[in-house]
>>> print(open('data00.cif').read())   # mmCIF, C-alpha atoms and all ligand atoms
data_my_file
#
loop_
_atom_site.label_atom_id
_atom_site.label_comp_id
_atom_site.auth_asym_id
_atom_site.auth_seq_id
_atom_site.Cartn_x
_atom_site.Cartn_y
_atom_site.Cartn_z
CA MET A 1 12.77 -13.10 -9.51
CA ALA A 2 9.68 -11.87 -7.66
CA ILE A 3 10.06 -9.56 -4.69
CA ARG A 4 8.67 -11.33 -1.65
CA LEU A 5 7.32 -10.23 1.71
CA GLY A 6 10.17 -9.27 4.02
CA ASP A 7 12.59 -8.57 1.14
CA SER A 8 14.30 -5.18 0.85
CA VAL A 9 12.63 -3.46 -2.10
CA PRO A 10 14.86 -2.49 -5.03
CA ASP A 11 15.92 1.13 -5.30
CA PHE A 12 15.60 2.99 -8.62
CA THR A 13 15.78 6.43 -10.19
CA ALA A 14 12.73 7.56 -12.15
CA GLN A 15 11.08 10.54 -13.80
CA THR A 16 7.85 11.53 -12.10
CA THR A 17 5.25 14.24 -12.44
CA GLU A 18 6.96 15.90 -9.45
CA GLY A 19 10.52 15.65 -10.82
CA GLU A 20 13.23 12.99 -10.78
CA ILE A 21 13.32 10.80 -7.68
CA ARG A 22 15.59 8.20 -6.20
CA PHE A 23 13.01 5.87 -4.66
CA HIS A 24 14.65 5.06 -1.31
CA ASP A 25 15.55 8.72 -0.73
CA TRP A 26 12.01 9.74 -1.66
CA LEU A 27 10.59 7.26 0.87
CA GLY A 28 12.87 8.57 3.61
CA ASP A 29 11.59 7.40 7.01
CA SER A 30 8.00 7.01 5.84
CA TRP A 31 5.94 3.99 4.98
CA GLY A 32 5.29 3.84 1.24
CA VAL A 33 2.74 2.58 -1.27
CA LEU A 34 3.92 2.01 -4.85
CA PHE A 35 1.09 1.14 -7.23
CA SER A 36 0.94 0.61 -10.97
CA HIS A 37 -1.95 1.10 -13.38
CA PRO A 38 -2.20 -0.22 -16.95
CA ALA A 39 -2.41 2.97 -18.99
CA ASP A 40 -3.18 6.69 -18.99
CA PHE A 41 -6.49 7.95 -20.42
CA THR A 42 -8.38 4.79 -19.46
CA PRO A 43 -11.58 4.78 -17.43
CA VAL A 44 -10.87 2.54 -14.44
CA CYS A 45 -7.42 4.06 -13.93
CA THR A 46 -8.93 7.55 -14.02
CA THR A 47 -11.27 6.66 -11.15
CA GLU A 48 -8.47 4.97 -9.20
CA LEU A 49 -6.14 7.95 -9.35
CA GLY A 50 -8.99 10.26 -8.37
CA ALA A 51 -9.75 8.02 -5.38
CA VAL A 52 -6.10 8.04 -4.26
CA ALA A 53 -5.94 11.85 -4.51
CA LYS A 54 -8.98 12.15 -2.24
CA LEU A 55 -7.45 9.71 0.28
CA LYS A 56 -4.04 11.42 0.39
CA PRO A 57 -4.73 13.01 3.84
CA GLU A 58 -5.51 9.52 5.19
CA PHE A 59 -2.16 8.21 3.90
CA GLU A 60 -0.40 11.23 5.42
CA LYS A 61 -2.03 10.56 8.83
CA ARG A 62 -0.37 7.15 8.67
CA ASN A 63 3.06 8.60 7.77
CA THR A 64 2.71 6.95 4.36
CA LYS A 65 3.79 8.30 0.98
CA ILE A 66 2.00 7.08 -2.15
CA ILE A 67 3.31 7.00 -5.72
CA GLY A 68 1.73 5.73 -8.95
CA LEU A 69 3.35 4.24 -12.04
CA SER A 70 2.63 3.32 -15.62
CA VAL A 71 4.82 2.92 -18.68
CA ASP A 72 3.33 6.02 -20.32
CA PRO A 73 5.60 9.04 -20.86
CA LEU A 74 5.67 12.10 -18.60
CA GLU A 75 3.81 14.37 -21.03
CA SER A 76 1.00 11.84 -21.20
CA HIS A 77 0.74 11.70 -17.39
CA LYS A 78 0.64 15.50 -17.23
CA GLY A 79 -2.16 15.76 -19.83
CA TRP A 80 -4.15 12.98 -18.19
CA ILE A 81 -3.91 14.56 -14.72
CA GLU A 82 -6.00 17.47 -16.05
CA ASP A 83 -8.71 14.98 -17.05
CA ILE A 84 -8.53 13.23 -13.66
CA ASN A 85 -8.86 16.52 -11.84
CA ASP A 86 -11.83 17.57 -14.00
CA THR A 87 -13.76 14.32 -14.06
CA GLN A 88 -13.05 13.10 -10.50
CA ASN A 89 -13.48 16.53 -8.91
CA THR A 90 -10.09 16.42 -7.20
CA THR A 91 -6.47 17.51 -7.58
CA VAL A 92 -3.88 14.82 -8.14
CA ASN A 93 -1.51 15.49 -5.27
CA PHE A 94 1.00 12.64 -5.42
CA PRO A 95 3.73 11.78 -7.95
CA MET A 96 3.27 9.40 -10.87
CA ILE A 97 6.28 7.62 -12.31
CA ALA A 98 6.69 7.73 -16.09
CA ASP A 99 8.38 4.36 -16.61
CA SER A 100 8.69 4.56 -20.40
CA ASP A 101 11.70 2.26 -20.53
CA ARG A 102 9.90 -0.15 -18.14
CA HIS A 103 12.87 -0.55 -15.85
CA VAL A 104 10.79 -0.22 -12.68
CA ALA A 105 7.91 -2.29 -14.06
CA LEU A 106 10.25 -5.15 -14.97
CA THR A 107 12.15 -5.01 -11.68
CA TYR A 108 8.90 -5.14 -9.70
CA ASP A 109 7.29 -7.75 -12.01
CA MET A 110 4.43 -5.41 -12.88
CA ILE A 111 4.26 -6.62 -16.50
CA GLN A 112 2.71 -10.07 -16.53
CA PRO A 113 2.78 -11.13 -20.18
CA ASN A 114 0.01 -13.72 -20.01
CA ALA A 115 -2.32 -10.92 -18.88
CA ASP A 116 -0.90 -8.15 -21.11
CA ALA A 117 2.44 -8.15 -22.93
CA THR A 118 3.06 -4.42 -22.69
CA ALA A 119 0.97 -2.75 -19.98
CA THR A 120 1.47 -3.01 -16.23
CA VAL A 121 -1.12 -4.88 -14.19
CA ARG A 122 -2.62 -3.23 -11.10
CA SER A 123 0.16 -3.97 -8.59
CA VAL A 124 0.37 -2.62 -5.04
CA PHE A 125 3.44 -2.74 -2.81
CA ILE A 126 3.32 -1.58 0.82
CA ILE A 127 6.82 -0.81 2.09
CA ASP A 128 7.83 -0.14 5.70
CA PRO A 129 10.33 2.50 6.89
CA ALA A 130 13.13 -0.12 6.80
CA LYS A 131 12.34 -0.48 3.04
CA LYS A 132 11.02 -4.01 3.55
CA LEU A 133 8.08 -5.27 1.52
CA ARG A 134 5.05 -5.83 3.77
CA LEU A 135 2.22 -6.49 1.30
CA THR A 136 1.70 -7.14 -2.39
CA LEU A 137 -1.56 -7.16 -4.29
CA THR A 138 -2.10 -7.83 -7.99
CA TYR A 139 -5.40 -6.93 -9.60
CA PRO A 140 -6.40 -7.34 -13.25
CA ALA A 141 -6.91 -4.35 -15.53
CA SER A 142 -10.68 -4.77 -15.44
CA THR A 143 -11.02 -4.34 -11.64
CA GLY A 144 -10.45 -1.06 -9.87
CA ARG A 145 -8.87 -1.38 -6.44
CA ASN A 146 -10.35 -0.56 -3.04
CA PHE A 147 -7.85 1.92 -1.60
CA ALA A 148 -9.68 1.95 1.74
CA GLU A 149 -8.54 -1.68 2.05
CA ILE A 150 -4.94 -0.57 1.53
CA LEU A 151 -5.34 1.95 4.36
CA ARG A 152 -6.85 -0.81 6.52
CA VAL A 153 -3.81 -3.02 5.92
CA ILE A 154 -1.48 -0.14 6.83
CA ASP A 155 -3.42 0.28 10.09
CA SER A 156 -3.02 -3.41 10.82
CA LEU A 157 0.69 -3.45 9.93
CA GLN A 158 1.42 -0.39 12.05
CA LEU A 159 -0.48 -1.82 15.05
CA THR A 160 0.95 -5.34 14.89
CA GLU A 161 4.47 -3.95 14.42
CA TYR A 162 4.57 -2.85 18.05
CA GLU A 163 1.98 -4.99 19.87
CA LYS A 164 1.81 -8.78 20.26
CA VAL A 165 -1.49 -8.96 18.44
CA ALA A 166 -2.90 -9.71 15.00
CA THR A 167 -6.04 -8.38 13.36
CA PRO A 168 -8.97 -10.67 12.49
CA ALA A 169 -11.07 -10.85 9.33
CA ASP A 170 -12.61 -7.55 8.27
CA TRP A 171 -10.94 -5.76 11.21
CA GLN A 172 -11.22 -1.98 11.28
CA GLN A 173 -9.39 0.49 13.51
CA GLY A 174 -10.92 0.37 17.01
CA ASP A 175 -12.21 -3.22 16.72
CA ASP A 176 -10.96 -5.96 19.04
CA VAL A 177 -7.77 -7.75 18.05
CA VAL A 178 -6.48 -11.29 18.61
CA ILE A 179 -3.57 -12.10 20.91
CA LEU A 180 -0.70 -13.96 19.24
CA PRO A 181 -0.97 -17.69 20.04
CA SER A 182 2.73 -17.67 21.02
CA ILE A 183 1.96 -15.48 24.07
CA PRO A 184 1.17 -17.58 27.19
CA ASP A 185 -1.82 -16.50 29.29
CA GLU A 186 0.41 -15.28 32.14
CA GLU A 187 2.25 -12.91 29.80
CA ALA A 188 -1.02 -11.87 28.15
CA LYS A 189 -2.35 -10.81 31.57
CA GLN A 190 0.63 -8.45 31.91
CA LEU A 191 0.47 -7.17 28.34
CA PHE A 192 -3.28 -6.64 28.26
CA PRO A 193 -4.31 -5.38 31.72
CA GLN A 194 -7.70 -4.45 30.29
CA GLY A 195 -8.33 -8.22 30.09
CA PHE A 196 -9.04 -10.63 27.28
CA LYS A 197 -11.60 -13.23 26.34
CA THR A 198 -10.57 -16.83 25.73
CA HIS A 199 -12.86 -18.35 23.09
CA ARG A 200 -10.49 -21.27 22.57
CA PRO A 201 -6.94 -21.58 23.99
CA TYR A 202 -5.63 -20.41 20.60
CA LEU A 203 -8.30 -17.72 20.07
CA ARG A 204 -8.16 -14.87 22.57
CA THR A 205 -9.48 -11.40 21.86
CA THR A 206 -8.81 -8.08 23.54
CA ALA A 207 -9.48 -4.41 22.97
CA ALA A 208 -7.07 -2.88 20.48
CA PRO A 209 -4.09 -1.29 22.26
CA ARG A 210 -3.94 2.49 21.72
C1 LIG A 301 -9.09 0.98 -17.46
O1 LIG A 301 -8.37 1.61 -16.69
O2 LIG A 301 -10.27 1.25 -17.61
C2 LIG A 301 -8.53 -0.19 -18.23
C3 LIG A 301 -7.20 -0.20 -18.58
C4 LIG A 301 -6.72 -1.26 -19.33
C5 LIG A 301 -7.58 -2.30 -19.68
C6 LIG A 301 -8.91 -2.27 -19.28
C7 LIG A 301 -9.39 -1.21 -18.55
#
>>> encode(input="data00.cif", output="C-alpha cells")
Amino acid sequence: MAIRLGDSVPDFTAQTTEGEIRFHDWLGDSWGVLFSHPADFTPVCTTELGAVAKLKPEFEKRNTKIIGLSVDPLESHKGWIEDINDTQNTTVNFPMIADSDRHVALTYDMIQPNADATATVRSVFIIDPAKKLRLTLTYPASTGRNFAEILRVIDSLQLTEYEKVATPADWQQGDDVVILPSIPDEEAKQLFPQGFKTHRPYLRTTAAPR
C-alpha cells in the first residue's frame, strides 16, 4: 500500500554510511528528506549525490535532515563516496542507507517493477517534524533531480504551515503569495495589514509574511 500525503511515515532500522539508525529517532524534531537512487557507481546518481552534498547547508538552514538510499551494500556506498568526492569536487556529508535486503525500498514502494525489477527508482519523500509525509516525487533512472526544487517546496511547506497563504506557480522565497480562498476579506485585512491585491475574488496576492 502506497504511503500517501498526510500519512505517518513508517519507521525502520537501517545500516548507513554513518552507522545504524532508527529512522524516526534520527529525524528527531527536524524536517526530513529521504531519497533513493537506482545504483552506486552510475553517472546520474554520482552527480545527484554531489549536488546534495553541496546543498547540505541549505537543508540545514531549513532545519531539514537529508538521507539517501539504494539497495547496494555498505562497502559499495563507501567506495563510491570516494568517487563522488573526487569527481564532483565535494565531500559527501549526509548518510546513505545500504538497503541490501530492500526492506525500506519495499516499504516505501521505491522498487517499481515495470520500470526496473531490482533497482530503486528516484523517489523523494519530504517529511515534517510530526513524521507526516508532505511531498512525494518519483523520477525515472534516466533523469537527475533538481534539488533546488526540493528546497523550494520545503520553503513553501514551512511558510504555509503557519500562515493562511499558499504559494503560486514558480514561487521563490520573497515572492508574493496567494491568500487562501477560505479567508474572507475582513479577516484578510487583519491578517495582512500590509494590504493585498484582489485580481479576482478567489485570487488575492500579498507580500510573503516574514
Ligand atoms: C545513472 O545514475 O546514471 C543511471 C542509473 C540507472 C539507470 C540509468 C542511469
>>> residues_around(input="data00.cif", residues="Ala115 (chain A)", least_positions_apart="3", cutoff="8 Å", atoms="only C-alpha atoms", output="compact mmCIF listing (two decimals) with C-alpha atoms, keeping the file's coordinate frame")
# COMPACT_ATOMS: atom_id res chain seq x y z
CA GLN A 112 2.71 -10.07 -16.53
CA VAL A 121 -1.12 -4.88 -14.19
CA PRO A 140 -6.40 -7.34 -13.25
>>> residues_near_ligand(input="data00.cif", ligand="ligand LIG 301 (chain A)", cutoff="7 Å", atoms="all atoms listed in the file", output="ChimeraX atom specification")
/A:38-39,42-46,141-142
>>> closest_residue(input="data00.cif", among="A:Thr120, A:Pro129, A:Ile154, A:His77", to="Tyr108 (chain A)", atoms="all atoms listed in the file")
A:Thr120
>>> closest_residue(input="data00.cif", among="A:Phe23, A:Tyr202, A:Phe192, A:Phe59", to="Ile97 (chain A)", atoms="all atoms listed in the file")
A:Phe23
>>> closest_residue(input="data00.cif", among="A:Asp155, A:Glu18, A:Glu82, A:Asp72", to="Glu58 (chain A)", atoms="all atoms listed in the file")
A:Asp155
>>> closest_residue(input="data00.cif", among="A:Ala169, A:Met1, A:Val92, A:Leu27", to="Asn63 (chain A)", atoms="only C-alpha atoms")
A:Leu27
>>> closest_residue(input="data00.cif", among="A:Leu55, A:Ala119, A:Val177, A:Ile3", to="Ser36 (chain A)", atoms="only C-alpha atoms")
A:Ala119
>>> residues_around(input="data00.cif", residues="Ala207 (chain A)", least_positions_apart="4", cutoff="10 Å", atoms="all atoms listed in the file", output="list of chain:residue names")
A:Gly174, A:Asp175, A:Asp176, A:Val177, A:Val178, A:Ile179, A:Phe192, A:Gln194, A:Gly195, A:Phe196, A:Lys197
>>> closest_residue(input="data00.cif", among="A:Ala2, A:Asp109, A:Leu157, A:Ala117", to="Trp31 (chain A)", atoms="only C-alpha atoms")
A:Leu157
>>> decode(input="data00.cif", residues="region 17-110 of chain A", atoms="C-alpha atoms", output="short mmCIF file (atom, residue, chain, number, x, y, z; two decimals), in the first residue's frame")
data_model
loop_
_atom_site.label_atom_id
_atom_site.label_comp_id
_atom_site.auth_asym_id
_atom_site.auth_seq_id
_atom_site.Cartn_x
_atom_site.Cartn_y
_atom_site.Cartn_z
CA THR A 17 27.39 5.17 5.96
CA GLU A 18 27.19 7.00 9.31
CA GLY A 19 26.23 3.93 11.39
CA GLU A 20 22.97 2.18 12.25
CA ILE A 21 19.94 4.44 12.55
CA ARG A 22 16.37 4.15 13.69
CA PHE A 23 14.68 6.49 11.21
CA HIS A 24 12.23 8.33 13.47
CA ASP A 25 14.90 8.83 16.15
CA TRP A 26 17.33 10.05 13.51
CA LEU A 27 14.77 12.59 12.26
CA GLY A 28 14.15 13.86 15.78
CA ASP A 29 12.36 17.23 15.64
CA SER A 30 13.67 18.08 12.18
CA TRP A 31 12.06 18.05 8.79
CA GLY A 32 13.48 15.23 6.67
CA VAL A 33 14.15 14.29 3.05
CA LEU A 34 14.53 10.59 2.23
CA PHE A 35 15.58 9.97 -1.37
CA SER A 36 16.50 6.84 -3.28
CA HIS A 37 18.78 6.40 -6.28
CA PRO A 38 18.98 3.36 -8.57
CA ALA A 39 22.55 2.19 -8.06
CA ASP A 40 26.05 3.09 -6.88
CA PHE A 41 28.80 3.81 -9.45
CA THR A 42 26.36 5.18 -12.02
CA PRO A 43 26.73 8.57 -13.69
CA VAL A 44 23.48 10.41 -12.97
CA CYS A 45 23.43 9.22 -9.35
CA THR A 46 27.02 10.41 -8.90
CA THR A 47 26.03 13.93 -9.97
CA GLU A 48 22.91 13.87 -7.79
CA LEU A 49 24.75 12.92 -4.62
CA GLY A 50 27.39 15.55 -5.33
CA ALA A 51 24.64 18.15 -5.76
CA VAL A 52 23.01 17.17 -2.45
CA ALA A 53 26.35 17.39 -0.61
CA LYS A 54 26.85 20.94 -1.91
CA LEU A 55 23.31 21.92 -0.84
CA LYS A 56 23.59 20.45 2.68
CA PRO A 57 23.98 23.92 4.31
CA GLU A 58 20.74 24.99 2.61
CA PHE A 59 18.91 21.97 4.05
CA GLU A 60 20.38 22.73 7.48
CA LYS A 61 19.15 26.36 7.31
CA ARG A 62 15.67 24.89 6.91
CA ASN A 63 16.07 22.53 9.89
CA THR A 64 15.96 19.63 7.43
CA LYS A 65 17.97 16.40 7.52
CA ILE A 66 18.64 14.55 4.26
CA ILE A 67 19.38 10.86 3.77
CA GLY A 68 19.97 8.80 0.61
CA LEU A 69 19.22 5.15 -0.11
CA SER A 70 19.93 2.40 -2.59
CA VAL A 71 19.91 -1.37 -2.33
CA ASP A 72 23.70 -1.54 -2.69
CA PRO A 73 25.74 -2.79 0.28
CA LEU A 74 27.57 -0.52 2.73
CA GLU A 75 31.05 -1.28 1.36
CA SER A 76 29.87 -0.27 -2.10
CA HIS A 77 28.49 3.04 -0.79
CA LYS A 78 31.77 3.74 1.00
CA GLY A 79 33.89 3.07 -2.12
CA TRP A 80 31.57 5.11 -4.32
CA ILE A 81 31.63 8.12 -1.95
CA GLU A 82 35.35 8.49 -2.74
CA ASP A 83 34.48 8.74 -6.44
CA ILE A 84 31.69 11.26 -5.74
CA ASN A 85 34.02 13.40 -3.68
CA ASP A 86 36.72 13.29 -6.38
CA THR A 87 34.58 13.83 -9.45
CA GLN A 88 32.01 16.27 -8.02
CA ASN A 89 34.58 18.29 -6.06
CA THR A 90 32.71 17.93 -2.78
CA THR A 91 32.55 15.86 0.40
CA VAL A 92 29.51 13.66 0.90
CA ASN A 93 28.26 14.91 4.25
CA PHE A 94 24.98 13.08 4.78
CA PRO A 95 24.18 9.40 5.45
CA MET A 96 23.31 6.88 2.76
CA ILE A 97 21.24 3.84 3.66
CA ALA A 98 22.54 0.46 2.47
CA ASP A 99 19.21 -1.31 1.98
CA SER A 100 20.62 -4.62 0.75
CA ASP A 101 17.63 -6.63 1.94
CA ARG A 102 15.31 -4.00 0.38
CA HIS A 103 13.12 -3.70 3.44
CA VAL A 104 13.00 0.11 3.28
CA ALA A 105 12.68 0.18 -0.51
CA LEU A 106 9.72 -2.20 -0.42
CA THR A 107 8.02 -0.42 2.48
CA TYR A 108 8.32 2.94 0.70
CA ASP A 109 7.42 1.50 -2.74
CA MET A 110 10.75 2.59 -4.21
#
